[in-house]
Amino acid sequence: MTVETQIVHIKGIKDGLLVTIGEGDWPRAQSTLLSSIVEKASFFQGARLAMEVGNRVLHAAELGALRDRLSDQGVSLWAVISSSPVTEQTAQVLGLATRLSMPRPERSVRPLDTTLEGENGVFIRRTLRSGFRIASHGHISVMGDINPGAEVIAGGSIVVWGRVRGSVVAGADGDESAVVCALALDPTQLRIANLVANLPGKKAVSQPVCASIRNGIITVEPWKPKER
Amino acid sequence: MSATVVTVTSGKGGVGKTTTTANLAVALAAGGQKVVCIDGDIGLRNLDVILGLENRIVYDLVDVVEGRCRLKQAMIRDKRLQELYLIPAAQTRDKNAVSPSDMVRLTDDLREEFDWVLIDSPAGIERGFRNSVAPADTVLVVTNPEVSAVRDADRIIGLIESEEKGPARLILNRVNYEMVKRGDMLTSDDVLELLAVELIGIVPEDDHVIMSSNRGQPVALDPKTRAGTAFQNIARRLRGEDVPFMNLEVKEDIFQKLSRLIRPGGN
Ligand SMILES: Nc1ncnc2c1ncn2[C@@H]1O[C@H](COP(=O)(O)OP(=O)(O)O)[C@@H](O)[C@H]1O
Ligand SMILES: [Mg+2]
């Protein structure tokens with residue numbers, strides 16, 4: 001094996017193949033990866049690829065181009081794992097996973113009196129247009145709208161700084177204490193745990209509201225900070 | 001010269017992408033611009049028909065990409081407008097005959113010689129769409145004032161944002177003012193409220209579009225028609241002019257006007 005090929009390591013994992021890209025410049029890493037795929041085309045045909053790129057900063061143009069060239073070879077890129085937040089965001093924007101499996105919430109040490117431990121969540125800063133979907137076992141907050149045809153599924157609660165017109169599911173793993181908060185709520189469908197909201201047809205609520213389970217039904221109430 | 005590459009796309013089929021591409025091409029060329037349009041709808045070509053150039057096709061896009069002819073040989077020059085060219089799609093090949101990088105290379109070769117490269121995208125979000133969007137500097141999304149078309153436009157706009165080709169600009173085509181007035185059709189405000197993108201044109205529903213397409217004479221060649229004017233305006237906005245949006249209201253006849261004067265507010 002030459003030094004050239006050291007930059008790319010490929011191994012089999014539960015979910016397909018995992019490629020680890022070592023140090024070195026991106027064009028060379030990319031061409032090394034592509035040529036090893038071309039070399040063993042039949043082995044790679046139809047493969048699902050996850051790629052670990054370390055702390056490399058990759059933008060949509062680069063990652064998108066690689067995805068396209070891989071798909072030309074019949075290889076589908078489904079995940080990009082990186083410690084660079086930029087790369088991670090690029091991957092999310094391109095609809096790629098950024099972890100091989102759901103992360104386990106970290107057990108932290110006992111907090112100081114005034115420091116709250118909080119819970120982990122996912123933050124998305126863009127409008128989710130039709131066809132876009134976010135799913136997480138934790139909480140999800142979105143800064144932007146959720147348009148018809150978009151889907152947000154959270155194990156925990158959902159907070160939307162924007163309008164909800166698509167489908168939202170909070171407490172998807174059964175948590176009945178989960179809530180959905182939004183600046184305006186006119187969802188295609190709203191579910192909490194295993195209940196489906198029975199929303200008034202046309203009348204969209206266009207003020208900040210919070211939906212939660214009260215006495216066994218999903219209730220939507222205007223947001224009144226004092227009561228909380 | 002360095003052309004701007006404009007891709008016309010939609011998601012849903014039949015909303016007016018090809019009509020829009022043909023009319024913008026004609027309107028820009030009539031305004032003295034050098035224009036080449038590329039039919040990106042491989043396997044279902046029809047831009048050549050709308051432009052009335054069907055009978056002059058010898059080579060097509062796939063011939064260029066696969067090296068069977070030089071780029072120049074596949075460019076058909078329009079008879080009416082000196083500075084308008086078409087690169088037709090292959091009728092018999094599938095979309096995978098061309099890749100996004102082929103399209104980038106091809107348009108790069110054209111940029112030097114033209115002011116505008118217009119690409120007519122196929123419907124859908126598959127390979128043909130990616131091919132058409134890959135080289136774009138500007139993406140125009142065409143939609144109709146119908147819930148399903150708007151939903152697909154929203155999806156396409158999201159994908160364009162993901163490819164960092166945004167922000168897309170919107171053309172609302174086939175607006176029927178009578179229906180809007182009766183409250184039977186989504187208004188441009190309804191559509192824009194959801195899509196939240198820049199509107200570059202509203203084109204009314206106009207029978208002249210179909211009649212002129214059948215004759216291979218895009219309606220923009222006849223600015224007396226309402227749709228023709230609308231397309232001319234879009235072309236001017238593309239060139240950076242600030243053109244006010246036209247009033248889509250159909251002219252009232254004398255009796256309608258009288259009854260409105262007699263019963264003010266009553267409509
Ligand atoms: N503004 C309009 N008024 C009337 N008919 C239209 C208008 N725009 C498009 N059409 C008609 O709609 C049909 C579909 O248009 P086309 O441009 O082929 O759509 P696409 O390329 O998106 O599939 C054609 O028959 C065309 O003549
Ligand atoms: Mg078409």
# chains A, B, ... in the order shown; residues from 1 in each chain; ligands from 1

call {"tool": "residues_near_ligand", "arguments": {"ligand": "ligand 1", "cutoff": "7 Å", "atoms": "only C-alpha atoms and all ligand atoms", "output": "PyMOL selection string"}}
result
chain B and resi 10+13-20+123+173-174+203-207+209-210+213+227

call {"tool": "residues_around", "arguments": {"residues": "A:Ile217", "least_positions_apart": "2", "cutoff": "8 Å", "atoms": "only C-alpha atoms", "output": "PyMOL selection string"}}
result
chain A and resi 195+197+213-215+219

call {"tool": "write_last_selection", "arguments": {"atoms": "C-alpha atoms", "output": "CSV table (one decimal), in the first residue's frame"}}
result
chain,number,residue,atom,x,y,z
A,195,LEU,CA,-52.8,11.3,20.8
A,197,ALA,CA,-54.9,16.8,18.1
A,213,ILE,CA,-52.0,17.1,27.0
A,214,ARG,CA,-54.6,18.1,29.5
A,215,ASN,CA,-57.0,15.6,30.9
A,219,THR,CA,-55.2,21.4,24.3

call {"tool": "interface_residues", "arguments": {"of": "chain B", "to": "chain A", "cutoff": "8 Å", "atoms": "only C-alpha atoms", "output": "PyMOL selection string"}}
result
chain B and resi 100+151-152+154-155+157-158+162-164+194

call {"tool": "write_last_selection", "arguments": {"atoms": "N, CA and C atoms", "output": "PDB file, in the first residue's frame"}}
result
ATOM      1  N   PRO B 100     -24.336  16.143 -13.826  1.00  0.00           N
ATOM      2  CA  PRO B 100     -24.245  17.554 -13.432  1.00  0.00           C
ATOM      3  C   PRO B 100     -22.922  18.195 -13.872  1.00  0.00           C
ATOM      4  N   ARG B 151     -46.986  23.396  -3.220  1.00  0.00           N
ATOM      5  CA  ARG B 151     -46.302  22.456  -2.338  1.00  0.00           C
ATOM      6  C   ARG B 151     -45.013  21.949  -2.997  1.00  0.00           C
ATOM      7  N   ASP B 152     -45.107  21.607  -4.289  1.00  0.00           N
ATOM      8  CA  ASP B 152     -43.925  21.125  -5.001  1.00  0.00           C
ATOM      9  C   ASP B 152     -42.895  22.234  -5.177  1.00  0.00           C
ATOM     10  N   ASP B 154     -42.385  24.597  -3.122  1.00  0.00           N
ATOM     11  CA  ASP B 154     -41.756  24.745  -1.809  1.00  0.00           C
ATOM     12  C   ASP B 154     -40.632  23.720  -1.643  1.00  0.00           C
ATOM     13  N   ARG B 155     -40.925  22.492  -2.061  1.00  0.00           N
ATOM     14  CA  ARG B 155     -39.924  21.427  -1.946  1.00  0.00           C
ATOM     15  C   ARG B 155     -38.699  21.755  -2.808  1.00  0.00           C
ATOM     16  N   ILE B 157     -37.707  24.677  -3.836  1.00  0.00           N
ATOM     17  CA  ILE B 157     -36.979  25.821  -3.286  1.00  0.00           C
ATOM     18  C   ILE B 157     -36.077  25.358  -2.146  1.00  0.00           C
ATOM     19  N   GLY B 158     -36.584  24.431  -1.335  1.00  0.00           N
ATOM     20  CA  GLY B 158     -35.770  23.866  -0.253  1.00  0.00           C
ATOM     21  C   GLY B 158     -34.538  23.150  -0.799  1.00  0.00           C
ATOM     22  N   SER B 162     -30.563  23.972  -0.368  1.00  0.00           N
ATOM     23  CA  SER B 162     -29.591  22.982   0.093  1.00  0.00           C
ATOM     24  C   SER B 162     -28.389  22.904  -0.839  1.00  0.00           C
ATOM     25  N   GLU B 163     -28.606  23.117  -2.119  1.00  0.00           N
ATOM     26  CA  GLU B 163     -27.504  23.078  -3.080  1.00  0.00           C
ATOM     27  C   GLU B 163     -26.778  24.424  -3.123  1.00  0.00           C
ATOM     28  N   GLU B 164     -27.172  25.342  -2.235  1.00  0.00           N
ATOM     29  CA  GLU B 164     -26.600  26.685  -2.191  1.00  0.00           C
ATOM     30  C   GLU B 164     -26.720  27.399  -3.523  1.00  0.00           C
ATOM     31  N   LEU B 194     -46.420  31.732   1.938  1.00  0.00           N
ATOM     32  CA  LEU B 194     -45.873  30.414   2.243  1.00  0.00           C
ATOM     33  C   LEU B 194     -44.436  30.273   1.747  1.00  0.00           C
TER      34      LEU B 194
END

call {"tool": "atom_distance", "arguments": {"atom1": "atom CA of B:Thr4", "atom2": "atom CA of B:Ser188"}}
result
27.0 Å

call {"tool": "closest_atom_pairs", "arguments": {"of": "chain B", "to": "ligand 2", "cutoff": "12 Å", "atoms": "only C-alpha atoms and all ligand atoms", "output": "CSV"}}
result
residue,atom,partner,partner_atom_place_in_ligand_line,distance
B:Val8,CA,ligand 2,1 (Mg),9.6
B:Thr9,CA,ligand 2,1 (Mg),9.0
B:Ser10,CA,ligand 2,1 (Mg),9.7
B:Gly11,CA,ligand 2,1 (Mg),10.9
B:Lys12,CA,ligand 2,1 (Mg),10.1
B:Gly13,CA,ligand 2,1 (Mg),7.1
B:Gly14,CA,ligand 2,1 (Mg),6.6
B:Val15,CA,ligand 2,1 (Mg),8.3
B:Gly16,CA,ligand 2,1 (Mg),6.9
B:Lys17,CA,ligand 2,1 (Mg),5.4
B:Thr18,CA,ligand 2,1 (Mg),4.3
B:Thr19,CA,ligand 2,1 (Mg),7.4
B:Thr20,CA,ligand 2,1 (Mg),9.2
B:Thr21,CA,ligand 2,1 (Mg),9.0
B:Ala22,CA,ligand 2,1 (Mg),10.1
B:Ile38,CA,ligand 2,1 (Mg),11.7
B:Asp39,CA,ligand 2,1 (Mg),8.6
B:Gly40,CA,ligand 2,1 (Mg),8.9
B:Asp41,CA,ligand 2,1 (Mg),6.8
B:Ile42,CA,ligand 2,1 (Mg),10.1
B:Gly43,CA,ligand 2,1 (Mg),10.9
B:Leu44,CA,ligand 2,1 (Mg),7.7
B:Arg45,CA,ligand 2,1 (Mg),7.4
B:Asn46,CA,ligand 2,1 (Mg),6.5
B:Leu47,CA,ligand 2,1 (Mg),7.0
B:Asp48,CA,ligand 2,1 (Mg),10.6
B:Val49,CA,ligand 2,1 (Mg),10.7
B:Ile50,CA,ligand 2,1 (Mg),9.8
B:Ala89,CA,ligand 2,1 (Mg),11.2
B:Ile119,CA,ligand 2,1 (Mg),10.7
B:Asp120,CA,ligand 2,1 (Mg),6.9
B:Ser121,CA,ligand 2,1 (Mg),7.1
B:Pro122,CA,ligand 2,1 (Mg),5.9
B:Ala123,CA,ligand 2,1 (Mg),7.2
B:Gly124,CA,ligand 2,1 (Mg),11.0
B:Gly128,CA,ligand 2,1 (Mg),11.7
B:Phe129,CA,ligand 2,1 (Mg),11.8
B:Val142,CA,ligand 2,1 (Mg),11.1

call {"tool": "closest_residue", "arguments": {"among": "A:Leu199, A:Leu116, A:Ala154, A:Leu66", "to": "A:Ser31", "atoms": "only C-alpha atoms"}}
result
A:Leu66
